[in-house]
>>> print(open('coords-v5.cif').read())   # mmCIF, C-alpha atoms
data_start
loop_
_atom_site.group_PDB
_atom_site.id
_atom_site.type_symbol
_atom_site.label_atom_id
_atom_site.label_comp_id
_atom_site.auth_asym_id
_atom_site.auth_seq_id
_atom_site.Cartn_x
_atom_site.Cartn_y
_atom_site.Cartn_z
ATOM 1 C CA MET A 1 89.765 118.988 87.245
ATOM 2 C CA SER A 2 88.737 118.302 83.646
ATOM 3 C CA PHE A 3 90.411 118.182 80.253
ATOM 4 C CA LEU A 4 88.578 118.761 76.958
ATOM 5 C CA LEU A 5 90.321 116.585 74.352
ATOM 6 C CA CYS A 6 90.090 115.806 70.648
ATOM 7 C CA PRO A 7 92.507 112.864 70.483
ATOM 8 C CA PRO A 8 93.975 112.319 66.990
ATOM 9 C CA VAL A 9 93.888 108.544 67.449
ATOM 10 C CA ALA A 10 91.310 105.899 66.582
ATOM 11 C CA VAL A 11 88.112 106.331 68.611
ATOM 12 C CA SER A 12 88.505 102.693 69.719
ATOM 13 C CA GLN A 13 91.570 103.823 71.712
ATOM 14 C CA TRP A 14 89.782 106.672 73.497
ATOM 15 C CA LYS A 15 88.698 104.513 76.418
ATOM 16 C CA LEU A 16 92.367 104.303 77.403
ATOM 17 C CA VAL A 17 92.198 107.988 78.374
ATOM 18 C CA SER A 18 90.582 107.084 81.714
ATOM 19 C CA MET A 19 93.538 104.826 82.498
ATOM 20 C CA LEU A 20 95.922 107.533 81.313
ATOM 21 C CA LEU A 21 94.428 110.159 83.624
ATOM 22 C CA ALA A 22 94.333 107.716 86.555
ATOM 23 C CA TYR A 23 97.992 106.858 85.969
ATOM 24 C CA ALA A 24 98.921 110.555 85.693
ATOM 25 C CA ALA A 25 97.130 111.233 88.981
ATOM 26 C CA ALA A 26 98.893 108.351 90.736
ATOM 27 C CA CYS A 27 102.278 109.592 89.472
ATOM 28 C CA THR A 28 101.448 113.106 90.603
ATOM 29 C CA ILE A 29 100.405 111.894 94.047
ATOM 30 C CA ARG A 30 103.673 109.949 94.370
ATOM 31 C CA THR A 31 105.606 113.099 93.460
ATOM 32 C CA VAL A 32 103.902 115.621 95.729
ATOM 33 C CA TYR A 33 103.139 113.216 98.598
ATOM 34 C CA PRO A 34 106.376 111.204 98.840
ATOM 35 C CA ASP A 35 105.229 109.122 101.800
ATOM 36 C CA VAL A 36 102.134 107.565 100.183
ATOM 37 C CA GLU A 37 101.923 104.717 97.667
ATOM 38 C CA PRO A 38 98.955 105.188 95.341
ATOM 39 C CA ARG A 39 97.702 102.107 93.509
ATOM 40 C CA LEU A 40 95.290 101.807 90.594
ATOM 41 C CA LYS A 41 92.060 99.798 90.584
ATOM 42 C CA TRP A 42 90.618 98.987 87.177
ATOM 43 C CA PRO A 43 89.635 100.925 85.304
ATOM 44 C CA ASN A 44 90.055 104.348 86.848
ATOM 45 C CA ASP A 45 90.220 104.538 90.647
ATOM 46 C CA ILE A 46 93.237 105.553 92.711
ATOM 47 C CA LEU A 47 93.651 103.838 96.078
ATOM 48 C CA ILE A 48 95.882 104.431 99.066
ATOM 49 C CA ASN A 49 95.958 101.526 101.519
ATOM 50 C CA ARG A 50 92.906 100.104 99.692
ATOM 51 C CA ARG A 51 90.966 103.295 100.339
ATOM 52 C CA LYS A 52 89.705 105.392 97.420
ATOM 53 C CA VAL A 53 91.350 108.787 97.143
ATOM 54 C CA ALA A 54 90.434 109.644 93.534
ATOM 55 C CA GLY A 55 88.366 108.582 90.566
ATOM 56 C CA VAL A 56 88.202 109.385 86.867
ATOM 57 C CA LEU A 57 85.175 109.872 84.632
ATOM 58 C CA VAL A 58 85.419 110.189 80.851
ATOM 59 C CA GLN A 59 82.551 111.120 78.552
ATOM 60 C CA SER A 60 82.772 111.294 74.785
ATOM 61 C CA ARG A 61 80.811 112.895 71.990
ATOM 62 C CA LEU A 62 81.091 111.031 68.721
ATOM 63 C CA SER A 63 78.630 113.021 66.578
ATOM 64 C CA GLY A 64 79.713 116.241 64.910
ATOM 65 C CA LYS A 65 83.136 117.233 66.183
ATOM 66 C CA LYS A 66 84.402 114.186 68.044
ATOM 67 C CA ARG A 67 85.770 114.998 71.491
ATOM 68 C CA LEU A 68 85.860 113.833 75.043
ATOM 69 C CA VAL A 69 86.000 115.274 78.514
ATOM 70 C CA ALA A 70 88.250 113.529 81.004
ATOM 71 C CA GLY A 71 87.643 114.557 84.593
ATOM 72 C CA ILE A 72 89.140 113.549 87.903
ATOM 73 C CA GLY A 73 88.080 114.113 91.477
ATOM 74 C CA ILE A 74 90.804 113.883 94.112
ATOM 75 C CA ASN A 75 90.104 113.969 97.827
ATOM 76 C CA ALA A 76 92.984 116.221 98.833
ATOM 77 C CA THR A 77 91.668 118.335 101.694
ATOM 78 C CA THR A 78 88.051 117.240 102.129
ATOM 79 C CA PRO A 79 87.116 117.007 105.823
ATOM 80 C CA PRO A 80 86.613 113.324 106.734
ATOM 81 C CA GLU A 81 83.011 113.923 107.829
ATOM 82 C CA LYS A 82 82.185 115.157 104.312
ATOM 83 C CA LEU A 83 83.491 112.044 102.556
ATOM 84 C CA PRO A 84 80.953 109.658 101.046
ATOM 85 C CA VAL A 85 80.232 106.514 103.024
ATOM 86 C CA ARG A 86 81.515 103.615 100.951
ATOM 87 C CA PRO A 87 81.453 100.079 102.345
ATOM 88 C CA LEU A 88 83.875 98.859 99.656
ATOM 89 C CA PHE A 89 87.090 100.799 99.204
ATOM 90 C CA PRO A 90 86.150 103.516 101.725
ATOM 91 C CA ALA A 91 87.123 107.087 100.880
ATOM 92 C CA THR A 92 90.211 108.765 102.261
ATOM 93 C CA VAL A 93 91.959 112.139 102.003
ATOM 94 C CA LEU A 94 95.511 112.802 100.811
ATOM 95 C CA ASN A 95 96.283 115.365 103.485
ATOM 96 C CA LEU A 96 95.299 112.789 106.140
ATOM 97 C CA GLU A 97 97.270 109.933 104.567
ATOM 98 C CA SER A 98 100.447 111.985 104.192
ATOM 99 C CA ARG A 99 102.745 113.727 106.641
ATOM 100 C CA PHE A 100 103.366 116.332 103.899
ATOM 101 C CA PRO A 101 100.167 118.307 103.299
ATOM 102 C CA VAL A 102 100.166 120.023 99.917
ATOM 103 C CA SER A 103 97.999 122.826 98.591
ATOM 104 C CA VAL A 104 95.282 121.947 96.119
ATOM 105 C CA MET A 105 96.774 124.446 93.651
ATOM 106 C CA GLU A 106 100.149 122.683 93.747
ATOM 107 C CA LEU A 107 98.458 119.321 93.253
ATOM 108 C CA ARG A 108 96.429 120.647 90.280
ATOM 109 C CA LYS A 109 99.478 122.241 88.662
ATOM 110 C CA ASN A 110 101.493 119.048 88.950
ATOM 111 C CA LEU A 111 98.619 116.883 87.698
ATOM 112 C CA ARG A 112 98.041 119.115 84.680
ATOM 113 C CA GLU A 113 101.725 118.995 83.735
ATOM 114 C CA GLN A 114 101.971 115.230 84.250
ATOM 115 C CA PHE A 115 98.803 114.487 82.282
ATOM 116 C CA LEU A 116 99.782 116.668 79.310
ATOM 117 C CA ILE A 117 103.224 115.026 79.070
ATOM 118 C CA LEU A 118 101.696 111.545 79.195
ATOM 119 C CA TYR A 119 98.930 112.537 76.774
ATOM 120 C CA GLU A 120 101.504 113.591 74.149
ATOM 121 C CA THR A 121 103.240 110.216 74.510
ATOM 122 C CA TRP A 122 99.906 108.395 74.330
ATOM 123 C CA ILE A 123 98.908 110.186 71.101
ATOM 124 C CA HIS A 124 101.953 108.674 69.393
ATOM 125 C CA ASP A 125 101.620 105.260 71.069
ATOM 126 C CA PRO A 126 98.193 104.573 72.653
ATOM 127 C CA GLN A 127 99.391 101.182 73.930
ATOM 128 C CA SER A 128 102.098 102.860 76.017
ATOM 129 C CA ILE A 129 99.662 103.347 78.887
ATOM 130 C CA ILE A 130 99.030 99.620 79.442
ATOM 131 C CA PRO A 131 102.421 98.682 81.001
ATOM 132 C CA ARG A 132 102.571 101.979 82.857
ATOM 133 C CA TRP A 133 99.106 101.503 84.371
ATOM 134 C CA THR A 134 99.905 97.876 85.236
ATOM 135 C CA SER A 135 103.086 98.946 87.046
ATOM 136 C CA LEU A 136 100.912 100.756 89.626
ATOM 137 C CA SER A 137 98.059 98.254 89.698
ATOM 138 C CA SER A 138 96.560 97.223 93.031
ATOM 139 C CA MET A 139 95.390 94.031 91.340
ATOM 140 C CA GLU A 140 98.644 92.114 90.760
ATOM 141 C CA ASN A 141 98.552 88.719 92.507
ATOM 142 C CA CYS A 142 94.909 89.216 93.430
ATOM 143 C CA ILE A 143 91.678 87.340 93.197
ATOM 144 C CA VAL A 144 89.156 89.825 91.839
ATOM 145 C CA SER A 145 85.389 89.887 92.180
ATOM 146 C CA LEU A 146 83.811 91.850 89.350
ATOM 147 C CA ASN A 147 80.156 92.866 89.232
ATOM 148 C CA THR A 148 78.918 92.852 85.627
ATOM 149 C CA ASP A 149 75.531 93.259 83.954
ATOM 150 C CA HIS A 150 75.390 89.451 83.889
ATOM 151 C CA GLY A 151 76.242 88.901 87.560
ATOM 152 C CA ALA A 152 79.392 88.567 89.626
ATOM 153 C CA ILE A 153 82.522 87.020 88.145
ATOM 154 C CA THR A 154 85.479 85.913 90.239
ATOM 155 C CA GLY A 155 88.943 85.184 88.957
ATOM 156 C CA ARG A 156 92.629 85.865 89.154
ATOM 157 C CA PHE A 157 93.863 89.140 87.687
ATOM 158 C CA ALA A 158 95.538 88.258 84.372
ATOM 159 C CA GLY A 159 96.385 91.741 83.127
ATOM 160 C CA ILE A 160 94.997 94.471 80.936
ATOM 161 C CA ASP A 161 94.219 93.874 77.259
ATOM 162 C CA SER A 162 95.388 96.251 74.519
ATOM 163 C CA ASP A 163 92.002 98.014 74.513
ATOM 164 C CA GLY A 164 92.024 98.541 78.291
ATOM 165 C CA SER A 165 89.792 95.558 79.082
ATOM 166 C CA LEU A 166 90.295 93.731 82.364
ATOM 167 C CA LEU A 167 91.621 90.191 81.862
ATOM 168 C CA LEU A 168 90.549 87.620 84.442
ATOM 169 C CA LEU A 169 91.383 83.931 84.663
ATOM 170 C CA CYS A 170 87.845 82.995 85.649
ATOM 171 C CA ASP A 171 87.179 80.550 88.488
ATOM 172 C CA HIS A 172 84.081 79.013 86.901
ATOM 173 C CA ASP A 173 85.754 77.747 83.708
ATOM 174 C CA SER A 174 89.527 78.398 84.054
ATOM 175 C CA LYS A 175 89.500 80.540 80.898
ATOM 176 C CA THR A 176 90.947 84.000 80.562
ATOM 177 C CA ARG A 177 88.197 86.428 79.645
ATOM 178 C CA ALA A 178 88.204 90.131 78.814
ATOM 179 C CA PHE A 179 85.758 92.542 80.456
ATOM 180 C CA THR A 180 85.145 96.019 79.080
ATOM 181 C CA THR A 181 82.787 97.094 81.872
ATOM 182 C CA GLY A 182 82.155 96.143 85.448
ATOM 183 C CA ASP A 183 82.827 97.196 89.004
ATOM 184 C CA VAL A 184 85.684 95.590 90.931
ATOM 185 C CA VAL A 185 84.168 94.978 94.342
ATOM 186 C CA THR A 186 86.869 92.940 96.068
ATOM 187 C CA LEU A 187 90.573 92.377 95.783
ATOM 188 C CA CYS A 188 92.124 89.514 97.752
ATOM 189 C CA ASP A 189 95.847 88.813 97.752
ATOM 190 C CA ILE A 190 96.748 85.316 96.594
ATOM 191 C CA GLU A 191 98.557 83.437 99.338
ATOM 192 C CA GLY A 192 101.918 81.929 98.512
ATOM 193 C CA ASP A 193 102.594 83.963 95.351
#
>>> encode(input="coords-v5.cif", output="structure tokens")
Amino acid sequence: MSFLLCPPVAVSQWKLVSMLLAYAAACTIRTVYPDVEPRLKWPNDILINRRKVAGVLVQSRLSGKKRLVAGIGINATTPPEKLPVRPLFPATVLNLESRFPVSVMELRKNLREQFLILYETWIHDPQSIIPRWTSLSSMENCIVSLNTDHGAITGRFAGIDSDGSLLLLCDHDSKTRAFTTGDVVTLCDIEGD
């Protein structure tokens, strides 16, 4: 499912749309599949029991008429044998995780409604997505390993910055650093917290 958008907010805030769509999808999943607990992995994956059930991709065009396309793929009814093999955060299917199978059309309808409501709120307050996204984060109280263009970084999840960057309290220098890109490859719960 994709949305063609021309957000009337600063272009610097557009990268929050991926978090917005991921959050909308997680809320939708919670509504239509009441027995599953979706969690968000920065910046735009939806997990159930640490298995990937959905992912968001956003592409923008900044020349001419500025716009972006926000798309999401949700594994709702895909047969398990057709899922991609993923060693980290293996794929799963909603209708296998839940005792309440739902039609794809119902899921799409609910996601569209949820996203458009949240999008209207976001237009008026782009920062509103940060606490919402964090409330469903899979990364709270976790040690995170992040693959970046400059190598792997490990640290404790310290939140999400106002521009959607991942904040990590880095192991190598005990400083909190912001990352705008990277791939979270591991999440380990912190013992005793």
>>> residues_around(input="coords-v5.cif", residues="segment 27-37 of chain A", least_positions_apart="5", cutoff="10 Å", atoms="all atoms listed in the file", output="PyMOL selection string")
chain A and resi 21-22+46-49+74+76+94-95+97-103+106-115+136
>>> residues_around(input="coords-v5.cif", residues="Leu168 of chain A", least_positions_apart="6", cutoff="10 Å", atoms="all atoms listed in the file", output="number ranges by chain")
A: 143-146, 153-160, 174-179
>>> atom_distance(input="coords-v5.cif", atom1="atom CA of Thr77 of chain A", atom2="atom CA of Val53 of chain A")
10.6 Å
>>> atom_distance(input="coords-v5.cif", atom1="atom CA of His172 of chain A", atom2="atom CA of Trp133 of chain A")
27.2 Å
>>> closest_residue(input="coords-v5.cif", among="A:Leu16, A:Ala70, A:Val185, A:Ala10", to="Phe89 of chain A", atoms="all atoms listed in the file")
A:Val185
>>> closest_residue(input="coords-v5.cif", among="A:Val85, A:Leu20, A:Cys6, A:Leu166", to="Met139 of chain A", atoms="all atoms listed in the file")
A:Leu166
>>> resolve_selection(input="coords-v5.cif", expression="the PyMOL selection byres ((chain A and resi 182) around 9)", output="ChimeraX atom specification")
/A:43,146-149,179-181,183-184
>>> atom_distance(input="coords-v5.cif", atom1="atom CA of Asp45 of chain A", atom2="atom CA of Ala152 of chain A")
19.3 Å
>>> resolve_selection(input="coords-v5.cif", expression="the PyMOL selection byres ((chain A and resi 162) around 9)", output="PyMOL selection string")
chain A and resi 13+126-127+130+160-161+163-165
>>> residues_around(input="coords-v5.cif", residues="Arg61 of chain A", least_positions_apart="4", cutoff="12 Å", atoms="all atoms listed in the file", output="list in words")
Leu4, Leu5, Cys6, Pro7, Val11, Trp14, Lys65, Lys66, Arg67, Leu68, Val69 and Ala70 of chain A
>>> write_last_selection(input="coords-v5.cif", atoms="C-alpha atoms", output="tab-separated table (two decimals), in the frame of the given file")
chain	number	residue	atom	x	y	z
A	4	LEU	CA	88.58	118.76	76.96
A	5	LEU	CA	90.32	116.58	74.35
A	6	CYS	CA	90.09	115.81	70.65
A	7	PRO	CA	92.51	112.86	70.48
A	11	VAL	CA	88.11	106.33	68.61
A	14	TRP	CA	89.78	106.67	73.50
A	65	LYS	CA	83.14	117.23	66.18
A	66	LYS	CA	84.40	114.19	68.04
A	67	ARG	CA	85.77	115.00	71.49
A	68	LEU	CA	85.86	113.83	75.04
A	69	VAL	CA	86.00	115.27	78.51
A	70	ALA	CA	88.25	113.53	81.00
>>> axis_aligned_box(input="coords-v5.cif", around="segment 76-95 of chain A", padding_each_side="5 Å", output="JSON")
{"center_x": 88.3, "center_y": 108.6, "center_z": 103.3, "size_x": 26.1, "size_y": 29.5, "size_z": 19.0}
